[in-house]
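Encoded as structure tokens, the structure appears first; notes follow it.
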Amino acid sequence: MHIAFEHPDQPDIIALIAELDAYQGGLYPPEACYTLDITGLAQPQVRFAVARDAAGVACGCAAVVLGADCGEIKRMYVQPAARGQGVAGQLLLQLEAEARAAGCLALMLETGPLQPAALAFYTAQGFARCTAFGDYPDHPLSVFMRKPLADDAVPAGYQLQPCVADDFEALLTLRLAAMRPSLQAIGRFDPERARARLAASFQPADTRWIARAGKRIGFLARRQLADCHYLDHLYVLPGLQGQGVGGAVLQHLQAEAAAAGLPLCLGALRGSAANLFYQRHGFVPTHEEEWDIYYRWQAAAKLAKPAE
């Protein structure tokens with residue numbers, strides 16, 4: 001399955017949207033259907049993602065309308081034959097990454113009570129019911145949902161500071177503190193192995209301290225390769241995790257990769273909470289090894305209308 005941002009004005013996309021309209025029209029009266037047509041989906045503030053199967057056939061789509069404070073999910077649809085393969089989740093991850101990159105604090109959506117599968121899906125993805133938003137009326141056939149994004153409403157103040165060769169021991173100490181819970185959970189906490197792995201990749205020029213209020217609270221190590229930016233390490237001290245610093249730093253690295261026109265790639269320990277963290281920020285799994293899962297994030301290309 002391949003997911004990318006495309007211009008909606010294409011014959012197979014128009015047919016896909018028509019399927020969605022027919023499905024919704026069979027559930028709700030016209031006054032309870034709040035849709036975007038192809039022209040609306042092509043507006044500059046809209047990002048329209050398309051899922052295509054191995055043969056290149058469009059089988060799913062979704063859009064996010066980017067606003068000043070939030071992004072609104074619209075036109076989420078996966079054809080019945082393609083359901084159960086994680087397509088909707090991957091579409092949503094792509095839209096969430098776009099909303100984060102645009103500085104949105106939350107994702108919003110309007111759906112209906114006659115779609116229990118959709119309600120269950122959105123709830124599993126971190127959405128919760130909320131009151132009507134924007135210009136929507138408080139209609140009995142509408143269900144409104146909201147998902148706060150990382151760092152919601154709390155700016156994460158931090159600074160990135162250079163590292164020198166003599167910082168190795170301090171970096172190792174911080175890495176051991178950050179990784180201990182995950183490694184102990186799978187019976188692989190070994191300080192000497194951790195030392196060897198960090199020493200094998202340590203390049204002071206690629207490594208930066210994460211500091212806040214004058215205190216070093218984490219570090220990152222990111223290499224620029226020919227075909228990607230590769231994030232070897234991103235750690236924040238356990239007691240300071242969950243405060244938005246890691247998410248803010250990761251968004252900074254995503255912006256750097258996007259400016260260079262390259263993807264951002266990384267690996268995460270299997271079973272670690274880091275996997276959910278990276279997925280929430282739009283990273284997509286590419287492959288797995290015995291102990292690690294590898295991910296890739298790519299900024300969306302600018303929309304271009306296909307040739308007539």
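If you're wondering about the labels, chains in the structure tokens are A, B, ... by order shown, residues count from 1 in each chain, ligands from 1 in order shown.
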Could you write out, as an MDAnalysis selection string, all the residues of range 78-262 of chain A that DSSP marks as strand (DSSP E)?
chainID A and resid 78 106:111 128:130 143:148 159:162 207:212 215:224 229:236
Val50 in chain A: which residues within 6 Å, counting only C-alpha atoms, same-chain residues fewer than 2 positions away excluded, as a short mmCIF file (atom, residue, chain, number, x, y, z; two decimals) with N, CA and C atoms, in the first residue's frame?
```
data_model
loop_
_atom_site.label_atom_id
_atom_site.label_comp_id
_atom_site.auth_asym_id
_atom_site.auth_seq_id
_atom_site.Cartn_x
_atom_site.Cartn_y
_atom_site.Cartn_z
N ILE A 3 0.84 5.48 0.21
CA ILE A 3 0.03 6.64 0.57
C ILE A 3 0.82 7.90 0.28
N ALA A 4 0.20 8.83 -0.43
CA ALA A 4 0.86 10.09 -0.77
C ALA A 4 -0.19 11.18 -0.92
N GLY A 60 -8.45 4.35 -1.06
CA GLY A 60 -8.76 5.07 0.16
C GLY A 60 -8.31 6.51 0.05
N CYS A 61 -8.90 7.38 0.86
CA CYS A 61 -8.52 8.78 0.83
C CYS A 61 -8.91 9.44 2.14
#
```
Among the residues of range 68-282 of chain A, find those DSSP assigns to alpha helix (DSSP H) from the backbone and print them as number ranges by chain.
A: 87-101, 116-124, 168-185, 191-201, 245-260, 274-280
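The residue set within 7 Å of range 212-226 of chain A, counting only C-alpha atoms and dropping same-chain residues fewer than 3 places from it, reads Gly157, Tyr158, Gln159, Leu174, Asp206, Thr207, Arg208, Trp209, His229, Tyr230, Leu231, Asp232, His233, Leu234, Tyr235, Val236 and Leu237 of chain A.
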Write out as a compact mmCIF listing (two decimals) with N, CA and C atoms, in the first residue's frame the residues lying within 12 Å of Cys59 in chain A, counting only C-alpha atoms and excluding same-chain residues fewer than 6 positions away.
```txt
# COMPACT_ATOMS: atom_id res chain seq x y z
N MET A 1 0.85 -1.20 0.00
CA MET A 1 0.00 0.00 0.00
C MET A 1 0.89 1.25 0.00
N HIS A 2 0.58 2.18 -0.88
CA HIS A 2 1.35 3.43 -0.98
C HIS A 2 0.41 4.60 -0.69
N ILE A 3 0.84 5.48 0.21
CA ILE A 3 0.03 6.64 0.57
C ILE A 3 0.82 7.90 0.28
N ASP A 12 -10.08 8.62 -11.00
CA ASP A 12 -10.30 7.58 -10.01
C ASP A 12 -10.61 8.16 -8.63
N ILE A 13 -10.07 9.35 -8.34
CA ILE A 13 -10.38 10.00 -7.06
C ILE A 13 -11.82 10.50 -7.06
N ILE A 14 -12.25 11.07 -8.18
CA ILE A 14 -13.64 11.53 -8.29
C ILE A 14 -14.59 10.36 -8.08
N ALA A 15 -14.25 9.19 -8.64
CA ALA A 15 -15.08 8.00 -8.46
C ALA A 15 -15.08 7.55 -7.00
N LEU A 16 -13.93 7.66 -6.34
CA LEU A 16 -13.83 7.26 -4.94
C LEU A 16 -14.69 8.17 -4.06
N ILE A 17 -14.64 9.47 -4.32
CA ILE A 17 -15.46 10.42 -3.57
C ILE A 17 -16.94 10.17 -3.82
N GLU A 19 -18.29 7.25 -4.37
CA GLU A 19 -18.63 6.11 -3.52
C GLU A 19 -18.91 6.57 -2.09
N LEU A 20 -18.06 7.44 -1.59
CA LEU A 20 -18.24 7.96 -0.23
C LEU A 20 -19.55 8.72 -0.11
N ALA A 49 -4.82 13.14 1.06
CA ALA A 49 -3.98 11.94 0.99
C ALA A 49 -4.75 10.82 0.29
N VAL A 50 -4.03 10.05 -0.53
CA VAL A 50 -4.62 8.95 -1.29
C VAL A 50 -3.85 7.67 -1.02
N ALA A 51 -4.57 6.59 -0.77
CA ALA A 51 -3.97 5.27 -0.62
C ALA A 51 -4.16 4.49 -1.91
N ARG A 52 -3.07 3.96 -2.42
CA ARG A 52 -3.12 3.17 -3.65
C ARG A 52 -2.55 1.78 -3.38
N ASP A 53 -3.16 0.77 -3.99
CA ASP A 53 -2.69 -0.60 -3.80
C ASP A 53 -1.48 -0.87 -4.70
N MET A 76 -12.70 10.99 4.96
CA MET A 76 -12.00 9.74 5.26
C MET A 76 -12.82 8.56 4.73
N TYR A 77 -12.22 7.79 3.83
CA TYR A 77 -12.94 6.66 3.23
C TYR A 77 -11.95 5.61 2.75
N VAL A 78 -12.24 4.36 3.07
CA VAL A 78 -11.49 3.21 2.56
C VAL A 78 -12.48 2.23 1.97
N GLN A 79 -12.24 1.79 0.75
CA GLN A 79 -13.15 0.84 0.12
C GLN A 79 -13.24 -0.45 0.93
N PRO A 80 -14.40 -1.08 0.98
CA PRO A 80 -14.58 -2.29 1.80
C PRO A 80 -13.52 -3.36 1.58
N ALA A 81 -13.11 -3.58 0.35
CA ALA A 81 -12.14 -4.65 0.05
C ALA A 81 -10.76 -4.35 0.64
N ALA A 82 -10.48 -3.09 0.93
CA ALA A 82 -9.15 -2.71 1.45
C ALA A 82 -9.15 -2.51 2.96
N ARG A 83 -10.29 -2.72 3.61
CA ARG A 83 -10.36 -2.51 5.05
C ARG A 83 -9.68 -3.65 5.80
N GLN A 85 -6.58 -3.61 6.76
CA GLN A 85 -5.17 -3.65 6.43
C GLN A 85 -4.40 -2.46 7.01
N VAL A 87 -5.10 0.70 6.49
CA VAL A 87 -5.05 1.82 5.55
C VAL A 87 -5.53 3.11 6.21
N ALA A 88 -6.66 3.04 6.91
CA ALA A 88 -7.20 4.24 7.54
C ALA A 88 -6.23 4.82 8.56
N LEU A 91 -3.44 6.60 6.70
CA LEU A 91 -3.93 7.87 6.17
C LEU A 91 -3.98 8.93 7.29
```
Interface rows for range 77-118 of chain A against range 277-297 of chain A: nearest pair, Å to one decimal, 7 Å, only C-alpha atoms, as JSON lines:
```
{"residue": "A:Leu93", "atom": "CA", "partner": "A:Gly282", "partner_atom": "CA", "distance": 4.9}
{"residue": "A:Gln94", "atom": "CA", "partner": "A:Gly282", "partner_atom": "CA", "distance": 5.5}
{"residue": "A:Glu96", "atom": "CA", "partner": "A:Gly282", "partner_atom": "CA", "distance": 6.5}
{"residue": "A:Ala97", "atom": "CA", "partner": "A:Gly282", "partner_atom": "CA", "distance": 4.6}
```
Show which residues sit within 8 Å of Lys147 in chain A, as a PDB file with N, CA, C and O atoms, in the first residue's frame. Count only C-alpha atoms, and ignore same-chain residues fewer than 3 positions away.
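The file below, selection-v7.pdb, is the result:
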```
ATOM      1  N   ALA A 106      -4.585  20.656  17.621  1.00  0.00           N
ATOM      2  CA  ALA A 106      -5.529  19.544  17.754  1.00  0.00           C
ATOM      3  C   ALA A 106      -6.064  19.165  16.386  1.00  0.00           C
ATOM      4  O   ALA A 106      -6.007  19.951  15.427  1.00  0.00           O
ATOM      5  N   LEU A 107      -6.586  17.951  16.300  1.00  0.00           N
ATOM      6  CA  LEU A 107      -7.362  17.501  15.149  1.00  0.00           C
ATOM      7  C   LEU A 107      -8.827  17.432  15.564  1.00  0.00           C
ATOM      8  O   LEU A 107      -9.142  16.984  16.670  1.00  0.00           O
ATOM      9  N   MET A 108      -9.723  17.854  14.690  1.00  0.00           N
ATOM     10  CA  MET A 108     -11.155  17.848  14.939  1.00  0.00           C
ATOM     11  C   MET A 108     -11.837  17.067  13.817  1.00  0.00           C
ATOM     12  O   MET A 108     -11.294  16.951  12.709  1.00  0.00           O
ATOM     13  N   GLY A 126      -7.224   7.952  19.486  1.00  0.00           N
ATOM     14  CA  GLY A 126      -6.986   9.024  20.448  1.00  0.00           C
ATOM     15  C   GLY A 126      -7.979  10.168  20.411  1.00  0.00           C
ATOM     16  O   GLY A 126      -7.802  11.165  21.114  1.00  0.00           O
ATOM     17  N   PHE A 127      -9.043  10.045  19.625  1.00  0.00           N
ATOM     18  CA  PHE A 127     -10.080  11.079  19.586  1.00  0.00           C
ATOM     19  C   PHE A 127     -11.078  10.857  20.716  1.00  0.00           C
ATOM     20  O   PHE A 127     -11.355   9.718  21.106  1.00  0.00           O
ATOM     21  N   ALA A 128     -11.636  11.943  21.220  1.00  0.00           N
ATOM     22  CA  ALA A 128     -12.684  11.885  22.236  1.00  0.00           C
ATOM     23  C   ALA A 128     -13.817  12.815  21.817  1.00  0.00           C
ATOM     24  O   ALA A 128     -13.601  13.815  21.131  1.00  0.00           O
TER      25      ALA A 128
END
```
Option closest in space to Ala258 in chain A, from A:Ala101, A:Asp69, A:Pro140, A:Lys74 [counting only C-alpha atoms]
A:Ala101
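The space separating CA of Thr123 in chain A from CA of Leu92 in chain A comes to 12.6 Å.
Closest approach to Gly261 in chain A among A:Ala273, A:Cys228, A:Ala99, A:Ala196 is made by A:Cys228 (distances from only C-alpha atoms).
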Just to confirm, what's the straight-line distance from CA of Tyr122 in chain A to CA of Ala32 in chain A in Å (one decimal)?
19.5 Å
Selection near Thr111 in chain A, 7 Å with only C-alpha atoms, sequence-local residues under 5 positions removed, as an MDAnalysis selection string
chainID A and resid 142:144
Residues from last step as file, all heavy atoms, as a tab-separated table (two decimals), in the first residue's frame:
```tsv
chain	number	residue	atom	x	y	z
A	142	SER	N	-25.02	14.31	14.31
A	142	SER	CA	-23.59	14.64	14.28
A	142	SER	C	-22.92	14.22	15.58
A	142	SER	O	-23.49	14.37	16.66
A	142	SER	CB	-23.37	16.15	14.08
A	142	SER	OG	-23.63	16.54	12.75
A	143	VAL	N	-21.73	13.65	15.44
A	143	VAL	CA	-20.86	13.37	16.58
A	143	VAL	C	-19.56	14.13	16.34
A	143	VAL	O	-18.93	13.98	15.28
A	143	VAL	CB	-20.56	11.86	16.72
A	143	VAL	CG1	-19.56	11.63	17.85
A	143	VAL	CG2	-21.84	11.09	16.98
A	144	PHE	N	-19.17	14.95	17.28
A	144	PHE	CA	-17.96	15.76	17.15
A	144	PHE	C	-16.86	15.16	18.02
A	144	PHE	O	-17.11	14.74	19.16
A	144	PHE	CB	-18.24	17.21	17.57
A	144	PHE	CG	-19.33	17.85	16.76
A	144	PHE	CD1	-20.63	17.92	17.24
A	144	PHE	CD2	-19.07	18.36	15.49
A	144	PHE	CE1	-21.64	18.48	16.50
A	144	PHE	CE2	-20.08	18.92	14.73
A	144	PHE	CZ	-21.37	18.99	15.22
```
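Within 12 Å of Pro238 in chain A, once only C-alpha atoms are used and residues closer than 3 positions along the same chain are dropped, the contacting residues are Leu174, Arg175, Leu176, Ala177, Ala178, Met179, Arg180, Pro181, Ser182, Ile217, Gly218, Tyr235, Gln241, Gly242, Gln243, Val245, Gly246 and Ala273 of chain A.
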May I have the selected residues written with N, CA and C atoms, as a PDB file, in the first residue's frame?
```pdb
ATOM      1  N   LEU A 174      23.180   9.550  30.515  1.00  0.00           N
ATOM      2  CA  LEU A 174      21.820   9.960  30.208  1.00  0.00           C
ATOM      3  C   LEU A 174      21.116   8.888  29.379  1.00  0.00           C
ATOM      4  N   ARG A 175      21.819   8.307  28.416  1.00  0.00           N
ATOM      5  CA  ARG A 175      21.222   7.259  27.587  1.00  0.00           C
ATOM      6  C   ARG A 175      20.814   6.059  28.428  1.00  0.00           C
ATOM      7  N   LEU A 176      21.658   5.646  29.367  1.00  0.00           N
ATOM      8  CA  LEU A 176      21.325   4.515  30.232  1.00  0.00           C
ATOM      9  C   LEU A 176      20.083   4.808  31.070  1.00  0.00           C
ATOM     10  N   ALA A 177      19.991   6.027  31.579  1.00  0.00           N
ATOM     11  CA  ALA A 177      18.827   6.396  32.389  1.00  0.00           C
ATOM     12  C   ALA A 177      17.559   6.375  31.553  1.00  0.00           C
ATOM     13  N   ALA A 178      17.647   6.867  30.314  1.00  0.00           N
ATOM     14  CA  ALA A 178      16.468   6.940  29.454  1.00  0.00           C
ATOM     15  C   ALA A 178      16.033   5.575  28.940  1.00  0.00           C
ATOM     16  N   MET A 179      17.009   4.685  28.663  1.00  0.00           N
ATOM     17  CA  MET A 179      16.699   3.404  28.049  1.00  0.00           C
ATOM     18  C   MET A 179      16.451   2.284  29.063  1.00  0.00           C
ATOM     19  N   ARG A 180      16.848   2.496  30.301  1.00  0.00           N
ATOM     20  CA  ARG A 180      16.773   1.414  31.284  1.00  0.00           C
ATOM     21  C   ARG A 180      15.384   0.764  31.358  1.00  0.00           C
ATOM     22  N   PRO A 181      14.277   1.530  31.485  1.00  0.00           N
ATOM     23  CA  PRO A 181      12.966   0.864  31.621  1.00  0.00           C
ATOM     24  C   PRO A 181      12.626  -0.045  30.445  1.00  0.00           C
ATOM     25  N   SER A 182      12.864   0.429  29.221  1.00  0.00           N
ATOM     26  CA  SER A 182      12.520  -0.370  28.042  1.00  0.00           C
ATOM     27  C   SER A 182      13.405  -1.602  27.931  1.00  0.00           C
ATOM     28  N   ILE A 217      18.980  17.983  29.681  1.00  0.00           N
ATOM     29  CA  ILE A 217      17.918  17.029  29.991  1.00  0.00           C
ATOM     30  C   ILE A 217      17.787  15.930  28.938  1.00  0.00           C
ATOM     31  N   GLY A 218      18.581  15.975  27.883  1.00  0.00           N
ATOM     32  CA  GLY A 218      18.509  14.961  26.849  1.00  0.00           C
ATOM     33  C   GLY A 218      19.544  15.240  25.778  1.00  0.00           C
ATOM     34  N   TYR A 235      16.899  11.173  23.188  1.00  0.00           N
ATOM     35  CA  TYR A 235      16.578  10.785  24.556  1.00  0.00           C
ATOM     36  C   TYR A 235      16.262  12.012  25.402  1.00  0.00           C
ATOM     37  N   GLN A 241      10.045  13.346  30.718  1.00  0.00           N
ATOM     38  CA  GLN A 241       9.308  12.920  29.539  1.00  0.00           C
ATOM     39  C   GLN A 241       7.836  13.259  29.709  1.00  0.00           C
ATOM     40  N   GLY A 242       7.115  13.369  28.596  1.00  0.00           N
ATOM     41  CA  GLY A 242       5.703  13.681  28.641  1.00  0.00           C
ATOM     42  C   GLY A 242       5.398  15.153  28.809  1.00  0.00           C
ATOM     43  N   GLN A 243       6.433  16.010  28.712  1.00  0.00           N
ATOM     44  CA  GLN A 243       6.230  17.455  28.863  1.00  0.00           C
ATOM     45  C   GLN A 243       6.332  18.200  27.534  1.00  0.00           C
ATOM     46  N   VAL A 245       8.847  18.188  25.314  1.00  0.00           N
ATOM     47  CA  VAL A 245      10.175  18.547  24.798  1.00  0.00           C
ATOM     48  C   VAL A 245      10.572  17.623  23.651  1.00  0.00           C
ATOM     49  N   GLY A 246      10.423  16.312  23.849  1.00  0.00           N
ATOM     50  CA  GLY A 246      10.801  15.371  22.794  1.00  0.00           C
ATOM     51  C   GLY A 246      10.027  15.626  21.509  1.00  0.00           C
ATOM     52  N   ALA A 273       7.946   2.358  24.257  1.00  0.00           N
ATOM     53  CA  ALA A 273       6.917   3.382  24.059  1.00  0.00           C
ATOM     54  C   ALA A 273       7.307   4.357  22.963  1.00  0.00           C
TER      55      ALA A 273
END
```
